[in-house]
Number of protein chains: 2
Amino acid sequence: MSPHEPVYLDYNATTPVLPEVVDAMLPYLREHFGNPSSGHVFGQRAHQGVERAREQVARLLGATPGEIIFTSGATEASNYAIRGVAEATPERTHVVTSVIEHPATLAPCAWLEQRGYRVTRLGVDESGRVRPEEAAAALAEDTVLLTLMHANNETGVIQPVAEVARHAKARGILVHTDAAQSLGKVRVNVDSLGVDLLTVAGHKLYAPKGVGALYVRRGTRIAPFARGAGHEHGRRPGTENVASLVGLGVACELASRDLEAFEARMNGMREQFWGMLREGIPGLALNGHPTERLPNTLSVRFPGVSGTALLSAAPEVAASTGSACHDGLESASAVILAMGVPVEDALGTVRLTLGRTTTREDLERAAQALIKAWSSLRT
Amino acid sequence: MSPHEPVYLDYNATTPVLPEVVDAMLPYLREHFGNPSSGHVFGQRAHQGVERAREQVARLLGATPGEIIFTSGATEASNYAIRGVAEATPERTHVVTSVIEHPATLAPCAWLEQRGYRVTRLGVDESGRVRPEEAAAALAEDTVLLTLMHANNETGVIQPVAEVARHAKARGILVHTDAAQSLGKVRVNVDSLGVDLLTVAGHKLYAPKGVGALYVRRGTRIAPFARGAGHEHGRRPGTENVASLVGLGVACELASRDLEAFEARMNGMREQFWGMLREGIPGLALNGHPTERLPNTLSVRFPGVSGTALLSAAPEVAASTGSACHDGLESASAVILAMGVPVEDALGTVRLTLGRTTTREDLERAAQALIKAWSSLRT
């Protein structure tokens, strides 16, 4: 980052598009502009770009290309998963989810509830994790879907999806996970997780905004979300977002190439950053599980100040008090409150998230600015 | 077009992205990568880009920015319009549409029908136009929506939307039009048309694929399509497709700049092309109304051959037998059959559509190739 710009520590809100991704997209915005549904050579080239992207996304997830349905992003993918499964199996009218899900999961569940579904929302322990035995106990004869996010967007806490999925599978219940935040940061494998449906967001892993995917395990009963022409084998109508899908594919390939090294690097930088901050701010507290979390995410509570005030006093840092989707609200985060943090402490939360372009100098500059801002607010 | 490439005459399937549009997008793929929901400067810049685009789209339609909801394309926009209006007014369960609509309209209507709605599908006269008096007669006490496309994607025939809308408005019935094909080719004004909802497709007017909009007249009762966070004032959740929306905005501004001149130029070139083809192919017939149609669209029936065979025999031309969304099917187009054309004639249909980058040389090359292919198939 340029020294004249604030330090960007909001990679969980969105990531820059990697230069290699932009470069891969450009030919599909320029010469290969065809409609993938067209039979002629312009169409064929676009179609090939989309299908290569499908293979790249599938590979990162340990899935097959036929199990990838491209969407306009994570919100559409999660809406599709939840409403599509419910519509395909209308005789079952119970859904299990958690209180810490993204609105893209919570809102479709609430929509089903308004239509007469029962929705069980699991709480979390003080580390921010759903208790697997509680999830198991919530499953019922009429449960159509269990939807539990892979990693929380605010705290980065990784949920026990595999363990919970085992309980659900034993009872023949479909499992969806929103992996928008985890994909590209930690290894995500649909078989290890044991999920039937998984949400992918392009712009959280260095691909452009407005593109994503839903993984649907072969044989899963699901109705389409939108209706129209026969794209995506009749599962998602609308002309494909060719250039952005090509970008998503390349981003997935780049992510898979150095995933473990990237994870280790993020972990190391975040721990350094945490050390710098703790040194200058006595009483600084960590939100969520100390190890079961994303390597790039640091959700902390600054003592005695509000996160909003702190970020206003530290314009050198571009970060967030919660998820970007909630910005503008001054209330405490439901995710933090769900862990049992008192409201007055929860209001001191700032989410600092690192990414591929974060440097050691960025972190030093950001730590200095945050410590200075905190000190000035305290006096 | 390069002489080594086929002549692209499939602009109704999709358009190239204009260089000015790509140039406008690039900064939003590179430095202005923020999430528009973020409060910091990275977010603000992205937000400004989205809002400028909203003004540009609104201006082309004669609407206000607050009436524009961005979507992932025309299919989402039409699904949103039809299902959103139905969901918001559940006590009315009748929808009027036409048999020549795009699948993005027909399929959501069929979905409602499966859920107990009555759907009236208006036929067309031999020129491919809905009869306004038939539309008026179809309206009932429980009609919740009339949805009639502005211009047909296959024939280019412009529908009497304004006249039909007057009948609907007189009875307090909402009107939606799919303007995916007409916007950027002829003047489209939401007040002249008298519509409450209008579908916009980016990739039909030289913006990228995967982006579009739904115009919703202020005060219209409509439920959201997807559910999630509070984007687009709670009307369309999901992080905005910033770069592509910026592209859509610029494409709309470019379209409005020279719309009448472009229309006249397309009209002139298409008539020249029609003249060249008719000279070489006795019995060549025009599908649809001779004047009430898009200036760039030429849907013709080649006598005694199938359109598919003709295009196979003329690889120098990239065109389509119907809409791109139907490609791969060998059956006659429902749109052409609806005009009363016999099946054996309908199968000879080829859709030739011109655009901003079409040259006089392109048309000469294409006409020669088509005439040669037709002659060889006839002997």
# chains A, B, ... in the order shown; residues from 1 in each chain; ligands from 1

$ interface_residues --of "chain A" --to "chain B" --cutoff "8 Å" --atoms "only C-alpha atoms" --output "CSV table (one decimal) with all heavy atoms, in the first residue's frame"
chain,number,residue,atom,x,y,z
A,13,ALA,N,-13.8,-7.9,4.2
A,13,ALA,CA,-14.9,-7.2,3.6
A,13,ALA,C,-14.7,-7.4,2.1
A,13,ALA,O,-15.7,-7.7,1.4
A,13,ALA,CB,-14.8,-5.7,3.9
A,14,THR,N,-13.5,-7.2,1.5
A,14,THR,CA,-13.3,-7.6,0.1
A,14,THR,C,-11.8,-7.5,-0.1
A,14,THR,O,-11.1,-6.9,0.6
A,14,THR,CB,-14.0,-6.6,-0.8
A,14,THR,OG1,-14.1,-7.2,-2.1
A,14,THR,CG2,-13.3,-5.3,-0.9
A,15,THR,N,-11.4,-8.2,-1.2
A,15,THR,CA,-9.9,-8.3,-1.5
A,15,THR,C,-9.7,-7.5,-2.8
A,15,THR,O,-10.6,-7.4,-3.6
A,15,THR,CB,-9.5,-9.7,-1.7
A,15,THR,OG1,-10.3,-10.3,-2.7
A,15,THR,CG2,-9.6,-10.5,-0.4
A,16,PRO,N,-8.5,-7.0,-3.0
A,16,PRO,CA,-8.2,-6.5,-4.3
A,16,PRO,C,-8.2,-7.7,-5.3
A,16,PRO,O,-8.0,-8.8,-4.9
A,16,PRO,CB,-6.8,-5.9,-4.2
A,16,PRO,CG,-6.3,-6.3,-2.8
A,16,PRO,CD,-7.4,-6.9,-2.0
A,17,VAL,N,-8.4,-7.4,-6.6
A,17,VAL,CA,-8.3,-8.4,-7.6
A,17,VAL,C,-6.9,-8.5,-7.9
A,17,VAL,O,-6.2,-7.5,-8.2
A,17,VAL,CB,-9.1,-8.0,-8.8
A,17,VAL,CG1,-9.1,-9.1,-9.9
A,17,VAL,CG2,-10.6,-7.6,-8.5
A,19,PRO,N,-3.4,-9.0,-9.9
A,19,PRO,CA,-3.1,-8.6,-11.3
A,19,PRO,C,-3.2,-9.7,-12.2
A,19,PRO,O,-3.7,-9.6,-13.4
A,19,PRO,CB,-1.6,-8.1,-11.1
A,19,PRO,CG,-1.5,-7.7,-9.7
A,19,PRO,CD,-2.4,-8.6,-8.9
A,22,VAL,N,-6.9,-10.0,-13.2
A,22,VAL,CA,-7.3,-9.0,-14.1
A,22,VAL,C,-6.7,-9.3,-15.5
A,22,VAL,O,-7.5,-9.3,-16.5
A,22,VAL,CB,-6.8,-7.6,-13.7
A,22,VAL,CG1,-7.2,-6.6,-14.8
A,22,VAL,CG2,-7.3,-7.2,-12.4
A,29,LEU,N,-13.1,-9.6,-21.9
A,29,LEU,CA,-13.8,-8.4,-22.0
A,29,LEU,C,-13.5,-7.8,-23.4
A,29,LEU,O,-14.3,-7.0,-23.9
A,29,LEU,CB,-13.3,-7.4,-20.9
A,29,LEU,CG,-13.8,-7.7,-19.5
A,29,LEU,CD1,-13.1,-6.7,-18.5
A,29,LEU,CD2,-15.3,-7.5,-19.4
A,30,ARG,N,-12.4,-8.2,-24.0
A,30,ARG,CA,-12.1,-7.6,-25.3
A,30,ARG,C,-12.4,-8.6,-26.4
A,30,ARG,O,-13.6,-8.7,-26.8
A,30,ARG,CB,-10.6,-7.2,-25.3
A,30,ARG,CG,-10.4,-5.9,-24.4
A,30,ARG,CD,-9.0,-5.6,-24.2
A,30,ARG,NE,-8.9,-4.3,-23.5
A,30,ARG,CZ,-7.8,-4.0,-22.7
A,30,ARG,NH1,-6.8,-4.8,-22.6
A,30,ARG,NH2,-7.8,-2.8,-22.1
A,31,GLU,N,-11.5,-9.3,-26.9
A,31,GLU,CA,-11.7,-10.1,-28.1
A,31,GLU,C,-12.7,-11.3,-27.9
A,31,GLU,O,-13.4,-11.6,-28.9
A,31,GLU,CB,-10.4,-10.5,-28.8
A,31,GLU,CG,-9.4,-11.3,-28.0
A,31,GLU,CD,-8.4,-10.4,-27.2
A,31,GLU,OE1,-8.8,-9.3,-26.8
A,31,GLU,OE2,-7.3,-10.8,-27.0
A,33,PHE,N,-15.6,-12.0,-26.7
A,33,PHE,CA,-16.7,-11.4,-26.1
A,33,PHE,C,-18.0,-12.2,-26.3
A,33,PHE,O,-19.1,-11.8,-25.9
A,33,PHE,CB,-16.9,-10.0,-26.6
A,33,PHE,CG,-17.2,-10.0,-28.1
A,33,PHE,CD1,-18.5,-10.2,-28.5
A,33,PHE,CD2,-16.2,-9.8,-29.0
A,33,PHE,CE1,-18.8,-10.2,-29.9
A,33,PHE,CE2,-16.5,-9.8,-30.4
A,33,PHE,CZ,-17.8,-10.0,-30.8
A,34,GLY,N,-17.9,-13.4,-27.0
A,34,GLY,CA,-19.1,-14.1,-27.4
A,34,GLY,C,-20.0,-14.6,-26.2
A,34,GLY,O,-19.6,-14.6,-25.1
A,35,ASN,N,-21.2,-14.9,-26.6
A,35,ASN,CA,-22.1,-15.5,-25.7
A,35,ASN,C,-21.9,-17.0,-25.6
A,35,ASN,O,-22.0,-17.7,-26.7
A,35,ASN,CB,-23.6,-15.2,-26.1
A,35,ASN,CG,-24.6,-15.7,-25.2
A,35,ASN,OD1,-24.5,-16.7,-24.5
A,35,ASN,ND2,-25.7,-14.9,-25.0
A,37,SER,N,-23.5,-19.4,-25.1
A,37,SER,CA,-24.6,-20.2,-25.6
A,37,SER,C,-24.6,-20.2,-27.1
A,37,SER,O,-25.4,-21.0,-27.7
A,37,SER,CB,-26.0,-19.7,-25.1
A,37,SER,OG,-26.1,-19.9,-23.7
A,38,SER,N,-23.9,-19.4,-27.8
A,38,SER,CA,-23.8,-19.3,-29.2
A,38,SER,C,-23.0,-20.4,-29.8
A,38,SER,O,-21.9,-20.7,-29.3
A,38,SER,CB,-23.2,-17.9,-29.7
A,38,SER,OG,-24.1,-16.9,-29.3
A,39,GLY,N,-23.5,-21.0,-30.9
A,39,GLY,CA,-22.8,-22.1,-31.5
A,39,GLY,C,-21.5,-21.8,-32.2
A,39,GLY,O,-20.6,-22.6,-32.4
A,40,HIS,N,-21.4,-20.5,-32.7
A,40,HIS,CA,-20.2,-20.1,-33.5
A,40,HIS,C,-19.0,-20.0,-32.7
A,40,HIS,O,-19.0,-20.1,-31.5
A,40,HIS,CB,-20.6,-18.9,-34.3
A,40,HIS,CG,-21.2,-17.8,-33.5
A,40,HIS,ND1,-20.5,-17.1,-32.6
A,40,HIS,CD2,-22.5,-17.3,-33.6
A,40,HIS,CE1,-21.3,-16.2,-32.0
A,40,HIS,NE2,-22.5,-16.3,-32.6
A,41,VAL,N,-17.9,-19.6,-33.4
A,41,VAL,CA,-16.6,-19.6,-32.8
A,41,VAL,C,-16.5,-18.6,-31.6
A,41,VAL,O,-15.8,-18.8,-30.6
A,41,VAL,CB,-15.5,-19.4,-33.8
A,41,VAL,CG1,-15.6,-18.1,-34.5
A,41,VAL,CG2,-14.1,-19.6,-33.2
A,42,PHE,N,-17.2,-17.5,-31.8
A,42,PHE,CA,-17.2,-16.5,-30.7
A,42,PHE,C,-17.8,-17.1,-29.4
A,42,PHE,O,-17.3,-16.9,-28.3
A,42,PHE,CB,-17.9,-15.2,-31.1
A,42,PHE,CG,-17.3,-14.5,-32.3
A,42,PHE,CD1,-17.7,-14.8,-33.6
A,42,PHE,CD2,-16.3,-13.5,-32.1
A,42,PHE,CE1,-17.2,-14.1,-34.6
A,42,PHE,CE2,-15.8,-12.8,-33.1
A,42,PHE,CZ,-16.2,-13.1,-34.4
A,72,SER,N,-24.1,-15.1,-9.1
A,72,SER,CA,-23.6,-13.7,-9.0
A,72,SER,C,-22.9,-13.4,-7.7
A,72,SER,O,-22.5,-12.3,-7.5
A,72,SER,CB,-24.8,-12.8,-9.2
A,72,SER,OG,-25.7,-12.9,-8.1
A,73,GLY,N,-22.7,-14.4,-6.9
A,73,GLY,CA,-22.0,-14.2,-5.6
A,73,GLY,C,-22.5,-15.1,-4.5
A,73,GLY,O,-23.3,-16.0,-4.8
A,74,ALA,N,-22.0,-14.8,-3.3
A,74,ALA,CA,-22.3,-15.7,-2.2
A,74,ALA,C,-23.7,-15.6,-1.8
A,74,ALA,O,-24.4,-16.6,-1.4
A,74,ALA,CB,-21.4,-15.4,-1.0
A,75,THR,N,-24.3,-14.4,-1.8
A,75,THR,CA,-25.7,-14.2,-1.4
A,75,THR,C,-26.6,-15.0,-2.3
A,75,THR,O,-27.5,-15.7,-1.7
A,75,THR,CB,-26.0,-12.7,-1.4
A,75,THR,OG1,-25.3,-12.0,-0.4
A,75,THR,CG2,-27.5,-12.5,-1.1
A,76,GLU,N,-26.4,-14.9,-3.6
A,76,GLU,CA,-27.3,-15.7,-4.4
A,76,GLU,C,-27.1,-17.2,-4.2
A,76,GLU,O,-28.0,-18.0,-4.1
A,76,GLU,CB,-27.0,-15.4,-5.9
A,76,GLU,CG,-27.9,-16.3,-6.8
A,76,GLU,CD,-27.5,-16.1,-8.3
A,76,GLU,OE1,-27.0,-15.1,-8.7
A,76,GLU,OE2,-27.8,-17.1,-9.1
A,79,ASN,N,-28.8,-18.2,-0.9
A,79,ASN,CA,-30.3,-18.2,-1.1
A,79,ASN,C,-30.7,-19.4,-1.9
A,79,ASN,O,-31.7,-20.0,-1.6
A,79,ASN,CB,-30.7,-16.9,-1.9
A,79,ASN,CG,-31.0,-15.7,-1.0
A,79,ASN,OD1,-32.2,-15.5,-0.7
A,79,ASN,ND2,-30.0,-15.0,-0.5
A,102,HIS,N,-24.1,-15.3,8.3
A,102,HIS,CA,-24.2,-14.1,7.5
A,102,HIS,C,-25.6,-13.9,7.2
A,102,HIS,O,-26.4,-14.8,7.1
A,102,HIS,CB,-23.3,-14.3,6.2
A,102,HIS,CG,-23.2,-13.1,5.4
A,102,HIS,ND1,-24.1,-12.7,4.5
A,102,HIS,CD2,-22.2,-12.2,5.4
A,102,HIS,CE1,-23.7,-11.5,4.0
A,102,HIS,NE2,-22.5,-11.2,4.5
A,103,PRO,N,-26.0,-12.6,7.0
A,103,PRO,CA,-27.4,-12.3,6.6
A,103,PRO,C,-27.9,-13.1,5.3
A,103,PRO,O,-29.1,-13.4,5.2
A,103,PRO,CB,-27.4,-10.8,6.3
A,103,PRO,CG,-26.3,-10.3,7.1
A,103,PRO,CD,-25.3,-11.4,7.2
A,104,ALA,N,-26.9,-13.5,4.5
A,104,ALA,CA,-27.3,-14.2,3.3
A,104,ALA,C,-27.8,-15.6,3.6
A,104,ALA,O,-28.5,-16.2,2.8
A,104,ALA,CB,-26.1,-14.3,2.3
A,105,THR,N,-27.5,-16.1,4.8
A,105,THR,CA,-28.1,-17.3,5.3
A,105,THR,C,-29.3,-17.0,6.2
A,105,THR,O,-30.4,-17.7,6.1
A,105,THR,CB,-27.1,-18.1,6.1
A,105,THR,OG1,-26.1,-18.6,5.1
A,105,THR,CG2,-27.7,-19.4,6.8
A,106,LEU,N,-29.1,-16.1,7.2
A,106,LEU,CA,-30.2,-15.8,8.1
A,106,LEU,C,-31.5,-15.3,7.5
A,106,LEU,O,-32.6,-15.8,7.8
A,106,LEU,CB,-29.7,-14.7,9.1
A,106,LEU,CG,-28.6,-15.2,10.1
A,106,LEU,CD1,-28.1,-14.0,10.9
A,106,LEU,CD2,-29.1,-16.3,11.0
A,107,ALA,N,-31.3,-14.5,6.4
A,107,ALA,CA,-32.5,-13.9,5.8
A,107,ALA,C,-33.3,-14.9,5.1
A,107,ALA,O,-34.6,-14.9,5.2
A,107,ALA,CB,-32.1,-12.7,5.0
A,108,PRO,N,-32.7,-15.8,4.2
A,108,PRO,CA,-33.6,-16.8,3.6
A,108,PRO,C,-34.2,-17.8,4.6
A,108,PRO,O,-35.3,-18.2,4.4
A,108,PRO,CB,-32.6,-17.6,2.7
A,108,PRO,CG,-31.4,-16.7,2.5
A,108,PRO,CD,-31.4,-15.8,3.7
A,111,TRP,N,-37.2,-16.0,5.9
A,111,TRP,CA,-38.2,-16.0,4.8
A,111,TRP,C,-39.0,-17.3,4.9
A,111,TRP,O,-40.2,-17.3,4.8
A,111,TRP,CB,-37.5,-15.8,3.5
A,111,TRP,CG,-38.4,-15.7,2.3
A,111,TRP,CD1,-39.1,-14.5,1.9
A,111,TRP,CD2,-38.9,-16.7,1.4
A,111,TRP,NE1,-39.8,-14.8,0.8
A,111,TRP,CE2,-39.7,-16.1,0.5
A,111,TRP,CE3,-38.6,-18.1,1.3
A,111,TRP,CZ2,-40.3,-16.8,-0.6
A,111,TRP,CZ3,-39.2,-18.8,0.3
A,111,TRP,CH2,-40.1,-18.2,-0.6
A,208,PRO,N,-13.0,-10.8,-8.9
A,208,PRO,CA,-13.9,-9.6,-8.8
A,208,PRO,C,-15.2,-9.9,-8.0
A,208,PRO,O,-15.6,-11.0,-7.8
A,208,PRO,CB,-14.2,-9.3,-10.3
A,208,PRO,CG,-13.9,-10.6,-11.0
A,208,PRO,CD,-12.9,-11.4,-10.2
A,209,LYS,N,-15.8,-8.8,-7.7
A,209,LYS,CA,-17.1,-8.8,-7.1
A,209,LYS,C,-18.2,-9.2,-8.1
A,209,LYS,O,-18.0,-9.1,-9.3
A,209,LYS,CB,-17.5,-7.4,-6.6
A,209,LYS,CG,-16.5,-6.9,-5.5
A,209,LYS,CD,-16.6,-5.4,-5.2
A,209,LYS,CE,-15.6,-5.0,-4.2
A,209,LYS,NZ,-14.2,-5.4,-4.6
A,210,GLY,N,-19.3,-9.7,-7.6
A,210,GLY,CA,-20.4,-10.0,-8.5
A,210,GLY,C,-20.3,-11.4,-9.1
A,210,GLY,O,-21.0,-11.7,-10.1
A,211,VAL,N,-19.5,-12.2,-8.5
A,211,VAL,CA,-19.4,-13.6,-9.1
A,211,VAL,C,-19.1,-14.6,-7.9
A,211,VAL,O,-18.5,-14.2,-7.0
A,211,VAL,CB,-18.3,-13.6,-10.2
A,211,VAL,CG1,-16.9,-13.5,-9.6
A,211,VAL,CG2,-18.4,-14.9,-11.0
A,226,ALA,N,-33.5,-18.9,-9.6
A,226,ALA,CA,-34.2,-18.1,-10.6
A,226,ALA,C,-34.6,-19.1,-11.7
A,226,ALA,O,-34.1,-20.2,-11.8
A,226,ALA,CB,-33.2,-17.1,-11.2
A,227,ARG,N,-35.6,-18.7,-12.5
A,227,ARG,CA,-36.1,-19.5,-13.7
A,227,ARG,C,-35.8,-18.8,-15.0
A,227,ARG,O,-36.0,-17.5,-15.0
A,227,ARG,CB,-37.6,-19.7,-13.5
A,227,ARG,CG,-38.0,-21.0,-13.0
A,227,ARG,CD,-37.6,-21.2,-11.5
A,227,ARG,NE,-38.1,-22.5,-11.0
A,227,ARG,CZ,-38.0,-22.8,-9.7
A,227,ARG,NH1,-37.6,-21.9,-8.8
A,227,ARG,NH2,-38.4,-24.0,-9.3
A,228,GLY,N,-35.5,-19.5,-16.0
A,228,GLY,CA,-35.3,-18.9,-17.3
A,228,GLY,C,-34.8,-19.9,-18.3
A,228,GLY,O,-35.3,-21.0,-18.4
A,229,ALA,N,-33.8,-19.5,-19.1
A,229,ALA,CA,-33.3,-20.4,-20.1
A,229,ALA,C,-32.4,-21.5,-19.5
A,229,ALA,O,-32.2,-21.5,-18.3
A,229,ALA,CB,-32.5,-19.5,-21.1
A,230,GLY,N,-31.8,-22.3,-20.4
A,230,GLY,CA,-31.2,-23.5,-19.9
A,230,GLY,C,-29.7,-23.5,-19.5
A,230,GLY,O,-29.1,-24.5,-19.5
A,231,HIS,N,-29.2,-22.3,-19.1
A,231,HIS,CA,-27.8,-22.2,-18.8
A,231,HIS,C,-27.5,-23.1,-17.5
A,231,HIS,O,-28.4,-23.4,-16.8
A,231,HIS,CB,-27.5,-20.8,-18.4
A,231,HIS,CG,-27.8,-19.8,-19.5
A,231,HIS,ND1,-29.0,-19.2,-19.5
A,231,HIS,CD2,-27.1,-19.3,-20.5
A,231,HIS,CE1,-29.1,-18.3,-20.6
A,231,HIS,NE2,-27.9,-18.4,-21.2
A,237,PRO,N,-30.3,-19.9,-14.8
A,237,PRO,CA,-30.4,-19.2,-16.0
A,237,PRO,C,-29.7,-17.8,-16.0
A,237,PRO,O,-29.5,-17.2,-15.0
A,237,PRO,CB,-31.9,-19.0,-16.1
A,237,PRO,CG,-32.4,-18.9,-14.7
A,237,PRO,CD,-31.5,-19.8,-13.9
A,238,GLY,N,-29.5,-17.4,-17.3
A,238,GLY,CA,-28.8,-16.0,-17.4
A,238,GLY,C,-27.5,-16.2,-18.1
A,238,GLY,O,-26.7,-17.1,-17.8
A,239,THR,N,-27.2,-15.3,-19.0
A,239,THR,CA,-25.9,-15.4,-19.7
A,239,THR,C,-24.8,-15.3,-18.7
A,239,THR,O,-24.8,-14.5,-17.8
A,239,THR,CB,-25.8,-14.2,-20.8
A,239,THR,OG1,-26.9,-14.4,-21.7
A,239,THR,CG2,-24.5,-14.2,-21.5
A,240,GLU,N,-23.8,-16.2,-18.9
A,240,GLU,CA,-22.7,-16.3,-17.9
A,240,GLU,C,-21.9,-15.0,-17.9
A,240,GLU,O,-21.6,-14.4,-18.9
A,240,GLU,CB,-21.8,-17.5,-18.3
A,240,GLU,CG,-22.5,-18.8,-18.2
A,240,GLU,CD,-23.3,-19.2,-19.6
A,240,GLU,OE1,-23.5,-18.3,-20.4
A,240,GLU,OE2,-23.6,-20.4,-19.8
A,241,ASN,N,-21.4,-14.7,-16.7
A,241,ASN,CA,-20.6,-13.6,-16.5
A,241,ASN,C,-19.1,-14.0,-16.8
A,241,ASN,O,-18.3,-14.1,-16.0
A,241,ASN,CB,-20.6,-13.2,-15.0
A,241,ASN,CG,-20.0,-11.9,-14.6
A,241,ASN,OD1,-19.2,-11.4,-15.4
A,241,ASN,ND2,-20.2,-11.4,-13.5
A,242,VAL,N,-18.9,-14.1,-18.1
A,242,VAL,CA,-17.7,-14.8,-18.6
A,242,VAL,C,-16.4,-14.3,-18.1
A,242,VAL,O,-15.6,-15.1,-17.5
A,242,VAL,CB,-17.7,-14.8,-20.2
A,242,VAL,CG1,-16.4,-15.6,-20.7
A,242,VAL,CG2,-18.9,-15.5,-20.8
A,243,ALA,N,-16.2,-13.0,-18.2
A,243,ALA,CA,-14.9,-12.5,-17.8
A,243,ALA,C,-14.6,-12.7,-16.3
A,243,ALA,O,-13.6,-13.1,-15.9
A,243,ALA,CB,-14.8,-11.0,-18.2
A,318,ALA,N,-7.7,1.4,7.5
A,318,ALA,CA,-9.0,1.1,6.9
A,318,ALA,C,-9.4,-0.3,7.4
A,318,ALA,O,-8.9,-1.3,6.9
A,318,ALA,CB,-9.0,1.1,5.3
A,319,ALA,N,-10.3,-0.3,8.4
A,319,ALA,CA,-10.8,-1.6,8.9
A,319,ALA,C,-12.3,-1.4,9.3
A,319,ALA,O,-12.9,-0.4,8.8
A,319,ALA,CB,-10.0,-2.0,10.2
A,320,SER,N,-12.8,-2.3,10.0
A,320,SER,CA,-14.2,-2.4,10.2
A,320,SER,C,-14.6,-2.7,11.6
A,320,SER,O,-13.8,-3.4,12.3
A,320,SER,CB,-14.8,-3.4,9.2
A,320,SER,OG,-16.1,-3.8,9.7
A,324,ALA,N,-18.7,-5.8,6.7
A,324,ALA,CA,-19.0,-4.6,5.8
A,324,ALA,C,-20.5,-4.5,5.6
A,324,ALA,O,-21.0,-3.4,5.5
A,324,ALA,CB,-18.2,-4.7,4.5
A,325,CYS,N,-21.1,-5.6,5.6
A,325,CYS,CA,-22.5,-5.6,5.3
A,325,CYS,C,-23.4,-5.0,6.4
A,325,CYS,O,-24.5,-4.7,6.2
A,325,CYS,CB,-23.0,-7.0,5.0
A,325,CYS,SG,-22.0,-7.9,3.8
A,326,HIS,N,-22.8,-4.8,7.5
A,326,HIS,CA,-23.5,-4.2,8.6
A,326,HIS,C,-23.1,-2.8,8.9
A,326,HIS,O,-23.6,-2.1,9.8
A,326,HIS,CB,-23.3,-5.0,9.9
A,326,HIS,CG,-23.7,-6.4,9.8
A,326,HIS,ND1,-24.9,-6.8,10.1
A,326,HIS,CD2,-23.0,-7.5,9.4
A,326,HIS,CE1,-25.0,-8.2,10.0
A,326,HIS,NE2,-23.9,-8.6,9.5
A,327,ASP,N,-22.1,-2.3,8.2
A,327,ASP,CA,-21.5,-1.0,8.5
A,327,ASP,C,-22.6,0.1,8.4
A,327,ASP,O,-23.6,0.0,7.7
A,327,ASP,CB,-20.4,-0.7,7.5
A,327,ASP,CG,-19.0,-0.9,8.1
A,327,ASP,OD1,-19.0,-1.6,9.1
A,327,ASP,OD2,-18.1,-0.3,7.6
A,328,GLY,N,-22.4,1.1,9.3
A,328,GLY,CA,-23.4,2.1,9.4
A,328,GLY,C,-24.2,1.9,10.6
A,328,GLY,O,-24.8,2.9,11.2

$ residues_around --residues "Ala135 in chain A" --least-positions-apart "4" --cutoff "10 Å" --atoms "only C-alpha atoms" --output "list of chain:residue names"
A:Val96, A:Thr97, A:Ser98, A:Thr120, A:Arg121, A:Leu122, A:Gly123, A:Val130, A:Arg131, A:Leu139, A:Leu146, A:Leu148, A:Glu163, A:Val164, A:Ala165, A:His167, A:Ala168

$ residues_around --residues "Ala255 in chain B" --least-positions-apart "5" --cutoff "9 Å" --atoms "only C-alpha atoms" --output "PyMOL selection string"
chain B and resi 60+183-185+205-206+250+262

$ write_last_selection --atoms "N, CA and C atoms" --output "PDB file, in the first residue's frame"
ATOM      1  N   LEU B  60     -30.606   7.268 -18.924  1.00  0.00           N
ATOM      2  CA  LEU B  60     -30.946   6.658 -20.222  1.00  0.00           C
ATOM      3  C   LEU B  60     -32.415   6.236 -20.263  1.00  0.00           C
ATOM      4  N   LEU B 183     -33.056  -1.468 -25.272  1.00  0.00           N
ATOM      5  CA  LEU B 183     -32.276  -0.394 -24.656  1.00  0.00           C
ATOM      6  C   LEU B 183     -30.936  -0.234 -25.373  1.00  0.00           C
ATOM      7  N   GLY B 184     -30.658   0.989 -25.760  1.00  0.00           N
ATOM      8  CA  GLY B 184     -29.420   1.265 -26.485  1.00  0.00           C
ATOM      9  C   GLY B 184     -29.585   1.156 -27.992  1.00  0.00           C
ATOM     10  N   LYS B 185     -30.720   0.642 -28.440  1.00  0.00           N
ATOM     11  CA  LYS B 185     -30.963   0.537 -29.892  1.00  0.00           C
ATOM     12  C   LYS B 185     -32.038   1.520 -30.341  1.00  0.00           C
ATOM     13  N   LEU B 205     -25.958  -4.107 -24.473  1.00  0.00           N
ATOM     14  CA  LEU B 205     -25.641  -2.728 -24.879  1.00  0.00           C
ATOM     15  C   LEU B 205     -24.194  -2.359 -24.599  1.00  0.00           C
ATOM     16  N   TYR B 206     -23.283  -3.302 -24.892  1.00  0.00           N
ATOM     17  CA  TYR B 206     -21.853  -3.019 -24.929  1.00  0.00           C
ATOM     18  C   TYR B 206     -21.241  -2.856 -23.542  1.00  0.00           C
ATOM     19  N   VAL B 250     -21.300   3.589 -17.910  1.00  0.00           N
ATOM     20  CA  VAL B 250     -20.636   4.238 -19.047  1.00  0.00           C
ATOM     21  C   VAL B 250     -21.282   3.794 -20.355  1.00  0.00           C
ATOM     22  N   PHE B 262     -27.155   6.544 -34.187  1.00  0.00           N
ATOM     23  CA  PHE B 262     -26.850   5.112 -34.234  1.00  0.00           C
ATOM     24  C   PHE B 262     -28.033   4.345 -34.819  1.00  0.00           C
TER      25      PHE B 262
END
